[in-house]
>>> print(open('model18.pdb').read())   # PDB, C-alpha atoms and all ligand atoms
ATOM      1  CA  MET A   1       8.135  26.672  29.527
ATOM      2  CA  GLU A   2       5.520  24.246  30.868
ATOM      3  CA  LYS A   3       4.795  21.195  28.656
ATOM      4  CA  GLN A   4       1.333  21.474  27.082
ATOM      5  CA  GLN A   5      -0.951  18.648  28.174
ATOM      6  CA  SER A   6      -1.989  16.221  25.404
ATOM      7  CA  VAL A   7      -5.493  14.735  25.067
ATOM      8  CA  LEU A   8      -3.671  11.419  25.444
ATOM      9  CA  THR A   9      -2.117  12.271  28.818
ATOM     10  CA  GLY A  10      -2.974   9.542  31.334
ATOM     11  CA  LYS A  11      -4.878   7.471  28.754
ATOM     12  CA  ARG A  12      -4.304   3.714  28.973
ATOM     13  CA  ILE A  13      -3.391   2.533  25.474
ATOM     14  CA  ILE A  14      -2.824  -1.098  24.480
ATOM     15  CA  VAL A  15      -0.389  -1.587  21.586
ATOM     16  CA  MET A  16      -0.535  -5.135  20.219
ATOM     17  CA  GLY A  17       2.675  -5.513  18.212
ATOM     18  CA  GLY A  18       4.352  -2.824  20.313
ATOM     19  CA  SER A  19       7.719  -4.574  20.703
ATOM     20  CA  SER A  20       9.045  -3.572  17.283
ATOM     21  CA  GLY A  21       8.787  -1.367  14.215
ATOM     22  CA  ILE A  22       5.650   0.719  13.743
ATOM     23  CA  GLY A  23       4.049  -0.452  17.030
ATOM     24  CA  LEU A  24       7.155   0.390  19.066
ATOM     25  CA  ALA A  25       7.551   3.804  17.428
ATOM     26  CA  THR A  26       3.861   4.486  18.140
ATOM     27  CA  ALA A  27       4.281   3.428  21.784
ATOM     28  CA  GLN A  28       7.326   5.714  22.092
ATOM     29  CA  ALA A  29       5.458   8.660  20.586
ATOM     30  CA  LEU A  30       2.495   8.000  22.916
ATOM     31  CA  ALA A  31       4.766   7.761  25.967
ATOM     32  CA  ALA A  32       6.177  11.171  25.030
ATOM     33  CA  GLU A  33       2.581  12.476  25.338
ATOM     34  CA  ASP A  34       2.388  10.958  28.854
ATOM     35  CA  ALA A  35      -0.018   8.168  27.912
ATOM     36  CA  HIS A  36       0.134   4.914  29.909
ATOM     37  CA  LEU A  37       1.211   2.102  27.583
ATOM     38  CA  VAL A  38       0.414  -1.605  27.640
ATOM     39  CA  ILE A  39       2.825  -3.284  25.232
ATOM     40  CA  VAL A  40       1.844  -6.714  23.909
ATOM     41  CA  SER A  41       3.840  -9.010  21.632
ATOM     42  CA  GLY A  42       4.584 -12.705  21.366
ATOM     43  CA  ASN A  43       8.029 -12.472  22.970
ATOM     44  CA  LEU A  44       8.553 -11.408  26.609
ATOM     45  CA  GLU A  45      12.204 -10.455  26.139
ATOM     46  CA  ARG A  46      11.293  -8.128  23.293
ATOM     47  CA  VAL A  47       8.397  -6.677  25.308
ATOM     48  CA  GLU A  48      10.834  -5.923  28.139
ATOM     49  CA  GLN A  49      13.331  -4.371  25.727
ATOM     50  CA  ALA A  50      10.552  -2.175  24.340
ATOM     51  CA  LEU A  51       9.418  -1.101  27.827
ATOM     52  CA  ALA A  52      13.022  -0.144  28.650
ATOM     53  CA  THR A  53      12.950   2.429  25.809
ATOM     54  CA  LEU A  54       9.887   4.236  27.211
ATOM     55  CA  PRO A  55      10.090   7.092  29.688
ATOM     56  CA  GLY A  56       7.973   6.491  32.831
ATOM     57  CA  SER A  57       6.266   3.353  34.089
ATOM     58  CA  HIS A  58       4.267   1.150  31.708
ATOM     59  CA  GLU A  59       2.996  -2.440  31.427
ATOM     60  CA  GLY A  60       3.988  -5.252  29.082
ATOM     61  CA  TYR A  61       2.734  -8.771  28.400
ATOM     62  CA  ALA A  62       3.718 -11.669  26.130
ATOM     63  CA  VAL A  63       0.657 -12.999  24.300
ATOM     64  CA  ASP A  64       0.727 -15.129  21.135
ATOM     65  CA  LEU A  65      -1.829 -13.217  19.064
ATOM     66  CA  GLY A  66      -2.164 -16.167  16.693
ATOM     67  CA  LYS A  67      -4.523 -17.828  19.209
ATOM     68  CA  GLU A  68      -8.034 -16.540  19.967
ATOM     69  CA  GLU A  69      -8.069 -18.020  23.487
ATOM     70  CA  ASN A  70      -4.910 -16.078  24.452
ATOM     71  CA  ILE A  71      -6.518 -12.853  23.270
ATOM     72  CA  ARG A  72      -9.736 -13.579  25.193
ATOM     73  CA  LEU A  73      -7.782 -14.273  28.400
ATOM     74  CA  PHE A  74      -5.607 -11.197  27.937
ATOM     75  CA  PHE A  75      -8.582  -8.817  27.713
ATOM     76  CA  GLU A  76     -10.369 -10.583  30.578
ATOM     77  CA  LYS A  77      -7.397  -9.686  32.810
ATOM     78  CA  ALA A  78      -6.455  -6.350  31.233
ATOM     79  CA  GLY A  79      -9.492  -4.429  32.519
ATOM     80  CA  ALA A  80     -10.616  -1.027  31.260
ATOM     81  CA  PHE A  81      -8.538   0.986  28.817
ATOM     82  CA  ASP A  82      -8.922   3.939  26.439
ATOM     83  CA  HIS A  83      -7.481   3.007  23.065
ATOM     84  CA  LEU A  84      -6.382  -0.118  21.183
ATOM     85  CA  VAL A  85      -3.653  -0.052  18.532
ATOM     86  CA  TYR A  86      -3.076  -3.273  16.577
ATOM     87  CA  THR A  87       0.125  -3.523  14.500
ATOM     88  CA  ALA A  88       1.099  -7.191  14.990
ATOM     89  CA  GLY A  89       2.206  -9.178  11.968
ATOM     90  CA  GLU A  90       4.945 -11.708  11.258
ATOM     91  CA  ASN A  91       7.490 -11.438   8.429
ATOM     92  CA  LEU A  92       6.099 -11.200   4.916
ATOM     93  CA  ARG A  93       5.425 -14.237   2.732
ATOM     94  CA  LEU A  94       5.253 -13.527  -0.976
ATOM     95  CA  SER A  95       4.406 -16.093  -3.638
ATOM     96  CA  GLU A  96       2.925 -16.115  -7.072
ATOM     97  CA  ILE A  97      -0.545 -17.657  -7.150
ATOM     98  CA  ALA A  98       0.507 -20.779  -9.088
ATOM     99  CA  HIS A  99       2.941 -21.679  -6.285
ATOM    100  CA  THR A 100       0.761 -20.664  -3.337
ATOM    101  CA  ASP A 101       0.280 -23.362  -0.715
ATOM    102  CA  ILE A 102      -3.319 -22.819   0.384
ATOM    103  CA  PRO A 103      -3.135 -24.191   3.976
ATOM    104  CA  LYS A 104      -0.085 -21.942   4.577
ATOM    105  CA  ALA A 105      -1.889 -19.044   2.921
ATOM    106  CA  ARG A 106      -4.780 -19.480   5.381
ATOM    107  CA  GLU A 107      -2.282 -19.397   8.267
ATOM    108  CA  PHE A 108      -0.879 -16.121   7.007
ATOM    109  CA  PHE A 109      -4.187 -14.457   7.929
ATOM    110  CA  ASN A 110      -3.855 -15.607  11.564
ATOM    111  CA  ILE A 111      -2.075 -12.653  13.146
ATOM    112  CA  ARG A 112      -2.786  -9.744  10.808
ATOM    113  CA  TYR A 113      -6.487 -10.459  10.209
ATOM    114  CA  TRP A 114      -7.893 -12.982  12.721
ATOM    115  CA  GLY A 115      -5.719 -11.658  15.572
ATOM    116  CA  ALA A 116      -6.954  -8.119  14.928
ATOM    117  CA  LEU A 117     -10.558  -9.343  14.673
ATOM    118  CA  ALA A 118     -10.242 -11.239  17.977
ATOM    119  CA  ALA A 119      -8.605  -8.223  19.662
ATOM    120  CA  VAL A 120     -11.558  -6.066  18.610
ATOM    121  CA  LYS A 121     -14.057  -8.790  19.591
ATOM    122  CA  TYR A 122     -12.691  -9.218  23.126
ATOM    123  CA  GLY A 123     -11.288  -5.714  23.669
ATOM    124  CA  ALA A 124     -14.098  -3.406  22.546
ATOM    125  CA  SER A 125     -16.330  -3.882  25.605
ATOM    126  CA  HIS A 126     -13.452  -2.730  27.887
ATOM    127  CA  ILE A 127     -12.890   0.582  26.066
ATOM    128  CA  ASN A 128     -13.741   3.681  28.129
ATOM    129  CA  ALA A 129     -16.089   6.393  26.771
ATOM    130  CA  GLY A 130     -14.321   8.532  24.176
ATOM    131  CA  GLY A 131     -11.976   5.683  23.240
ATOM    132  CA  SER A 132     -10.975   4.326  19.854
ATOM    133  CA  ILE A 133      -9.297   1.558  17.889
ATOM    134  CA  VAL A 134      -6.605   1.968  15.233
ATOM    135  CA  LEU A 135      -5.832  -1.040  13.048
ATOM    136  CA  THR A 136      -3.203  -1.633  10.349
ATOM    137  CA  SER A 137      -3.309  -2.515   6.651
ATOM    138  CA  GLY A 138      -0.837  -1.485   3.934
ATOM    139  CA  ILE A 139      -0.840  -0.127   0.390
ATOM    140  CA  ALA A 140      -0.543  -3.647  -1.027
ATOM    141  CA  GLY A 141      -4.357  -3.699  -1.016
ATOM    142  CA  ALA A 142      -4.573  -0.725  -3.402
ATOM    143  CA  ARG A 143      -1.316  -1.205  -5.301
ATOM    144  CA  PRO A 144      -0.131  -4.824  -5.112
ATOM    145  CA  GLY A 145       3.022  -6.056  -6.801
ATOM    146  CA  LYS A 146       3.468  -9.486  -8.372
ATOM    147  CA  GLY A 147       3.449 -12.150  -5.639
ATOM    148  CA  TRP A 148       1.382 -10.054  -3.238
ATOM    149  CA  SER A 149      -1.972 -11.910  -3.486
ATOM    150  CA  LEU A 150      -2.101 -12.664   0.252
ATOM    151  CA  GLY A 151      -0.734  -9.337   1.474
ATOM    152  CA  ALA A 152      -3.177  -7.498  -0.801
ATOM    153  CA  SER A 153      -6.088  -9.651   0.380
ATOM    154  CA  ILE A 154      -5.305  -9.100   4.059
ATOM    155  CA  CYS A 155      -4.927  -5.320   3.632
ATOM    156  CA  SER A 156      -8.239  -5.013   1.773
ATOM    157  CA  ALA A 157      -9.989  -7.287   4.267
ATOM    158  CA  MET A 158      -8.669  -5.216   7.181
ATOM    159  CA  GLU A 159      -9.903  -1.976   5.629
ATOM    160  CA  GLY A 160     -13.404  -3.438   5.139
ATOM    161  CA  PHE A 161     -13.319  -4.792   8.692
ATOM    162  CA  ALA A 162     -12.387  -1.355  10.091
ATOM    163  CA  ARG A 163     -15.317   0.291   8.267
ATOM    164  CA  ALA A 164     -17.725  -2.412   9.504
ATOM    165  CA  MET A 165     -16.507  -1.986  13.085
ATOM    166  CA  ALA A 166     -16.819   1.817  12.896
ATOM    167  CA  VAL A 167     -20.539   1.276  12.228
ATOM    168  CA  GLU A 168     -21.113  -1.599  14.635
ATOM    169  CA  LEU A 169     -19.094  -0.356  17.629
ATOM    170  CA  ALA A 170     -20.040   3.352  17.411
ATOM    171  CA  PRO A 171     -19.516   5.626  19.273
ATOM    172  CA  ILE A 172     -16.107   3.909  19.600
ATOM    173  CA  ARG A 173     -14.137   5.263  16.640
ATOM    174  CA  VAL A 174     -12.384   2.671  14.474
ATOM    175  CA  ASN A 175      -9.789   3.743  11.906
ATOM    176  CA  ILE A 176      -6.927   2.102  10.040
ATOM    177  CA  VAL A 177      -3.449   3.127   8.884
ATOM    178  CA  SER A 178      -2.164   1.992   5.493
ATOM    179  CA  PRO A 179       1.635   2.376   5.304
ATOM    180  CA  GLY A 180       3.847   2.037   2.254
ATOM    181  CA  VAL A 181       7.302   0.477   2.552
ATOM    182  CA  VAL A 182       8.764   1.187   5.999
ATOM    183  CA  ARG A 183      12.210   0.279   7.308
ATOM    184  CA  THR A 184      11.398  -2.273  10.075
ATOM    185  CA  ASN A 185      12.088  -5.874  11.120
ATOM    186  CA  LEU A 186       9.202  -6.920   8.851
ATOM    187  CA  TRP A 187      11.686  -7.239   5.994
ATOM    188  CA  ASN A 188      14.174  -9.369   7.982
ATOM    189  CA  ASN A 189      13.511 -12.495   5.944
ATOM    190  CA  MET A 190      15.563 -10.819   3.161
ATOM    191  CA  SER A 191      19.361 -10.609   3.324
ATOM    192  CA  ALA A 192      20.676  -7.249   4.599
ATOM    193  CA  ALA A 193      22.024  -6.443   1.117
ATOM    194  CA  ASP A 194      18.714  -7.265  -0.629
ATOM    195  CA  ARG A 195      16.823  -5.275   1.982
ATOM    196  CA  GLU A 196      18.962  -2.163   1.527
ATOM    197  CA  GLN A 197      18.602  -2.538  -2.247
ATOM    198  CA  LEU A 198      14.804  -2.743  -1.874
ATOM    199  CA  TYR A 199      14.738   0.385   0.320
ATOM    200  CA  LYS A 200      16.886   2.231  -2.219
ATOM    201  CA  THR A 201      14.930   1.122  -5.297
ATOM    202  CA  VAL A 202      11.556   1.791  -3.702
ATOM    203  CA  GLY A 203      12.758   5.050  -2.111
ATOM    204  CA  ASP A 204      14.139   6.385  -5.416
ATOM    205  CA  SER A 205      10.823   5.621  -7.142
ATOM    206  CA  LEU A 206       8.729   7.618  -4.662
ATOM    207  CA  PRO A 207       7.768  11.299  -4.837
ATOM    208  CA  VAL A 208       9.396  11.826  -1.402
ATOM    209  CA  LYS A 209      12.592   9.980  -2.526
ATOM    210  CA  ARG A 210      12.872   7.690   0.493
ATOM    211  CA  VAL A 211      11.098   4.790   2.171
ATOM    212  CA  GLY A 212       9.266   5.413   5.442
ATOM    213  CA  GLU A 213      10.629   5.206   8.944
ATOM    214  CA  ALA A 214       8.525   3.733  11.765
ATOM    215  CA  THR A 215       8.473   7.194  13.380
ATOM    216  CA  ASP A 216       6.775   8.641  10.258
ATOM    217  CA  ILE A 217       3.958   6.126  10.500
ATOM    218  CA  ALA A 218       3.619   6.483  14.299
ATOM    219  CA  GLN A 219       2.437  10.072  13.777
ATOM    220  CA  THR A 220      -0.562   8.772  11.805
ATOM    221  CA  TYR A 221      -1.640   6.501  14.678
ATOM    222  CA  LEU A 222      -1.295   9.471  17.047
ATOM    223  CA  TYR A 223      -3.432  11.641  14.814
ATOM    224  CA  LEU A 224      -6.180   9.002  14.634
ATOM    225  CA  LEU A 225      -6.123   8.486  18.409
ATOM    226  CA  LYS A 226      -6.202  12.204  19.207
ATOM    227  CA  GLN A 227      -8.857  13.498  16.830
ATOM    228  CA  GLY A 228     -12.397  12.794  17.991
ATOM    229  CA  PHE A 229     -14.512  13.001  14.844
ATOM    230  CA  GLY A 230     -13.218  10.759  12.050
ATOM    231  CA  THR A 231     -14.202   7.104  12.032
ATOM    232  CA  GLY A 232     -14.127   4.232   9.540
ATOM    233  CA  GLN A 233     -11.265   5.892   7.648
ATOM    234  CA  THR A 234      -8.140   4.469   6.053
ATOM    235  CA  ILE A 235      -5.226   6.897   6.225
ATOM    236  CA  VAL A 236      -2.563   6.166   3.608
ATOM    237  CA  VAL A 237       0.980   7.192   4.522
ATOM    238  CA  ASP A 238       3.265   5.889   1.824
ATOM    239  CA  GLY A 239       5.561   8.617   0.487
ATOM    240  CA  GLY A 240       3.237   8.949  -2.498
ATOM    241  CA  ALA A 241       3.564   5.303  -3.612
ATOM    242  CA  VAL A 242      -0.056   4.909  -4.702
ATOM    243  CA  LEU A 243       0.401   7.849  -7.116
ATOM    244  CA  VAL A 244       3.320   6.519  -9.156
TER     245      VAL A 244
HETATM  246  N1  LIG A 301       7.143  -2.341   7.438
HETATM  247  C1  LIG A 301       6.464  -2.139   6.314
HETATM  248  O1  LIG A 301       7.023  -1.875   5.246
HETATM  249  C2  LIG A 301       4.953  -2.232   6.337
HETATM  250  C3  LIG A 301       4.243  -1.774   5.221
HETATM  251  C4  LIG A 301       2.860  -1.882   5.201
HETATM  252  C5  LIG A 301       2.200  -2.442   6.282
HETATM  253  N2  LIG A 301       2.924  -2.880   7.357
HETATM  254  C6  LIG A 301       2.181  -3.520   8.446
HETATM  255  O2  LIG A 301       2.457  -2.866   9.668
HETATM  256  C7  LIG A 301       2.333  -3.828  10.745
HETATM  257  C8  LIG A 301       3.559  -3.686  11.637
HETATM  258  O3  LIG A 301       4.695  -4.065  10.904
HETATM  259  P1  LIG A 301       6.172  -3.609  11.294
HETATM  260  O4  LIG A 301       6.789  -3.177  10.025
HETATM  261  O5  LIG A 301       6.153  -2.732  12.469
HETATM  262  O6  LIG A 301       6.803  -5.047  11.637
HETATM  263  P2  LIG A 301       7.720  -5.557  12.827
HETATM  264  O7  LIG A 301       8.749  -4.536  13.184
HETATM  265  O8  LIG A 301       8.185  -6.907  12.396
HETATM  266  O9  LIG A 301       6.695  -5.694  14.054
HETATM  267  C9  LIG A 301       5.747  -6.715  14.092
HETATM  268  C10 LIG A 301       5.198  -6.856  15.496
HETATM  269  O10 LIG A 301       4.279  -7.959  15.504
HETATM  270  C11 LIG A 301       4.552  -8.755  16.633
HETATM  271  N3  LIG A 301       4.156 -10.135  16.420
HETATM  272  C12 LIG A 301       4.523 -10.943  15.396
HETATM  273  N4  LIG A 301       3.998 -12.168  15.589
HETATM  274  C13 LIG A 301       3.292 -12.111  16.760
HETATM  275  C14 LIG A 301       2.521 -13.040  17.496
HETATM  276  N5  LIG A 301       2.333 -14.312  17.071
HETATM  277  N6  LIG A 301       1.946 -12.643  18.646
HETATM  278  C15 LIG A 301       2.113 -11.378  19.092
HETATM  279  N7  LIG A 301       2.821 -10.441  18.447
HETATM  280  C16 LIG A 301       3.406 -10.812  17.278
HETATM  281  C17 LIG A 301       6.056  -8.623  16.811
HETATM  282  O11 LIG A 301       6.397  -8.952  18.143
HETATM  283  P3  LIG A 301       7.358 -10.154  18.646
HETATM  284  O12 LIG A 301       8.264 -10.512  17.518
HETATM  285  O13 LIG A 301       8.025  -9.532  19.826
HETATM  286  O14 LIG A 301       6.385 -11.233  18.987
HETATM  287  C18 LIG A 301       6.259  -7.150  16.536
HETATM  288  O15 LIG A 301       5.983  -6.410  17.711
HETATM  289  C19 LIG A 301       2.165  -5.204  10.086
HETATM  290  O16 LIG A 301       0.806  -5.542  10.067
HETATM  291  C20 LIG A 301       2.629  -4.956   8.664
HETATM  292  O17 LIG A 301       2.019  -5.816   7.734
HETATM  293  C21 LIG A 301       4.268  -2.767   7.418
END
>>> encode(input="model18.pdb", output="structure tokens")
Amino acid sequence: MEKQQSVLTGKRIIVMGGSSGIGLATAQALAAEDAHLVIVSGNLERVEQALATLPGSHEGYAVDLGKEENIRLFFEKAGAFDHLVYTAGENLRLSEIAHTDIPKAREFFNIRYWGALAAVKYGASHINAGGSIVLTSGIAGARPGKGWSLGASICSAMEGFARAMAVELAPIRVNIVSPGVVRTNLWNNMSAADREQLYKTVGDSLPVKRVGEATDIAQTYLYLLKQGFGTGQTIVVDGGAVLV
């Protein structure tokens, strides 16, 4: 039987943070729909490893998304494209407010918030008609745990930013995905044993009885890229975590 053509077939899609976790799973799902991927992360070796997992021929670049000038230069060279997905973020830093180092806390916004803002600033004018942007937050904004002041702040800021951009950049659609706990390299600053314990404890507490996989979340990015009507929306995909 002939493969049905996707609305994403042949579309040039930039995935910033595409070397790992949710970004990589999204790139893989998009490649399966015959989109043309541009993978961006801070580490060339990891970009090349990611490209090697994709069927077909794609592009990849190492760009430190912590620096505005790098992002400006990247988009200057990248040329026209159809969709932007931004999932970049370094490992989590949790601290209770009394012990929070404020200069370090400011730095923690660099990739997740300021990097995304700069990517939208310099990327939006290169997006072809019918294109869109999908950003990333997390349920920490709506349901933070103790020690999550920064994570919660970034998630809420990103959701407000996405709504503002949906208005300002229209007709480009701008949406945002808010995942719950997902098994990715994001949690690598914990020991393997602590990490597995966290996945088990969180998974057992959820209505769906497991934590997320990057492939679960990738489907939400695909949905937001494919549909042509919704904009300014946060889609929560968390195994029911915000309910319990
Ligand atoms: N995993 C979860 O439980 C979870 C839950 C809620 C929200 N989220 C959010 O989802 C997003 C993706 O997380 P993930 O779980 O997929 O994490 P991940 O597997 O660690 O992936 C993070 C990506 O960000 C890139 N990155 C980090 N620093 C960078 C830099 N300076 N310049 C360019 N790229 C950089 C990494 O690439 P290189 O290392 O190759 O540079 C990697 O591709 C993050 O914003 C995270 O906060 C995740």
>>> atom_distance(input="model18.pdb", atom1="CA of Leu169 (chain A)", atom2="CA of Arg72 (chain A)")
17.9 Å
>>> residues_near_ligand(input="model18.pdb", ligand="ligand LIG 301 (chain A)", cutoff="7 Å", atoms="all atoms listed in the file", output="NGL selection string")
:A and (16-23 or 40-43 or 46-47 or 63-66 or 87-91 or 111-112 or 136-139 or 178-187 or 214)
>>> resolve_selection(input="model18.pdb", expression="the PyMOL selection byres (((chain A and resi 173) around 7) and not hetatm)", output="list in words")
Gly131, Ser132, Ile133, Ala166, Ala170, Pro171, Ile172, Val174, Asn175 and Thr231 of chain A
>>> resolve_selection(input="model18.pdb", expression="the PyMOL selection byres (((chain A and resi 13) around 10) and not hetatm)", output="PyMOL selection string")
chain A and resi 8+10-12+14-16+27+30-31+35-39+58+80-85+127+131-133+225
>>> write_last_selection(input="model18.pdb", atoms="C-alpha atoms", output="PDB file, in the coordinates of the input")
ATOM      1  CA  LEU A   8      -3.671  11.419  25.444  1.00  0.00           C
ATOM      2  CA  GLY A  10      -2.974   9.542  31.334  1.00  0.00           C
ATOM      3  CA  LYS A  11      -4.878   7.471  28.754  1.00  0.00           C
ATOM      4  CA  ARG A  12      -4.304   3.714  28.973  1.00  0.00           C
ATOM      5  CA  ILE A  14      -2.824  -1.098  24.480  1.00  0.00           C
ATOM      6  CA  VAL A  15      -0.389  -1.587  21.586  1.00  0.00           C
ATOM      7  CA  MET A  16      -0.535  -5.135  20.219  1.00  0.00           C
ATOM      8  CA  ALA A  27       4.281   3.428  21.784  1.00  0.00           C
ATOM      9  CA  LEU A  30       2.495   8.000  22.916  1.00  0.00           C
ATOM     10  CA  ALA A  31       4.766   7.761  25.967  1.00  0.00           C
ATOM     11  CA  ALA A  35      -0.018   8.168  27.912  1.00  0.00           C
ATOM     12  CA  HIS A  36       0.134   4.914  29.909  1.00  0.00           C
ATOM     13  CA  LEU A  37       1.211   2.102  27.583  1.00  0.00           C
ATOM     14  CA  VAL A  38       0.414  -1.605  27.640  1.00  0.00           C
ATOM     15  CA  ILE A  39       2.825  -3.284  25.232  1.00  0.00           C
ATOM     16  CA  HIS A  58       4.267   1.150  31.708  1.00  0.00           C
ATOM     17  CA  ALA A  80     -10.616  -1.027  31.260  1.00  0.00           C
ATOM     18  CA  PHE A  81      -8.538   0.986  28.817  1.00  0.00           C
ATOM     19  CA  ASP A  82      -8.922   3.939  26.439  1.00  0.00           C
ATOM     20  CA  HIS A  83      -7.481   3.007  23.065  1.00  0.00           C
ATOM     21  CA  LEU A  84      -6.382  -0.118  21.183  1.00  0.00           C
ATOM     22  CA  VAL A  85      -3.653  -0.052  18.532  1.00  0.00           C
ATOM     23  CA  ILE A 127     -12.890   0.582  26.066  1.00  0.00           C
ATOM     24  CA  GLY A 131     -11.976   5.683  23.240  1.00  0.00           C
ATOM     25  CA  SER A 132     -10.975   4.326  19.854  1.00  0.00           C
ATOM     26  CA  ILE A 133      -9.297   1.558  17.889  1.00  0.00           C
ATOM     27  CA  LEU A 225      -6.123   8.486  18.409  1.00  0.00           C
TER      28      LEU A 225
END
>>> residues_near_point(input="model18.pdb", point="(-2.1, -16.2, 6.4)", cutoff="10 Å", atoms="only C-alpha atoms", output="ChimeraX atom specification")
/A:89-90,92-93,102-114,150-151,153-154
>>> resolve_selection(input="model18.pdb", expression="the PyMOL selection byres (((chain A and resi 55) around 10) and not hetatm)", output="list in words")
Gln28, Ala31, Ala32, Asp34, Leu51, Ala52, Thr53, Leu54, Gly56, Ser57 and His58 of chain A
>>> closest_residue(input="model18.pdb", among="A:Ser149, A:Val7, A:Leu135, A:Lys77", to="Gln227 (chain A)", atoms="only C-alpha atoms")
A:Val7
>>> atom_distance(input="model18.pdb", atom1="CA of Gly147 (chain A)", atom2="CA of Ile97 (chain A)")
7.0 Å
>>> closest_residue(input="model18.pdb", among="A:Ala241, A:Leu73, A:Ala193, A:Gly232", to="Val211 (chain A)", atoms="only C-alpha atoms")
A:Ala241
>>> closest_residue(input="model18.pdb", among="A:Lys121, A:Lys3, A:His99, A:Lys209", to="Met165 (chain A)", atoms="only C-alpha atoms")
A:Lys121
>>> atom_distance(input="model18.pdb", atom1="CA of Asp216 (chain A)", atom2="CA of Lys146 (chain A)")
26.2 Å
>>> residues_near_point(input="model18.pdb", point="(-12.8, -12.3, 30.4)", cutoff="12 Å", atoms="only C-alpha atoms", output="number ranges by chain")
A: 69-80, 121-126
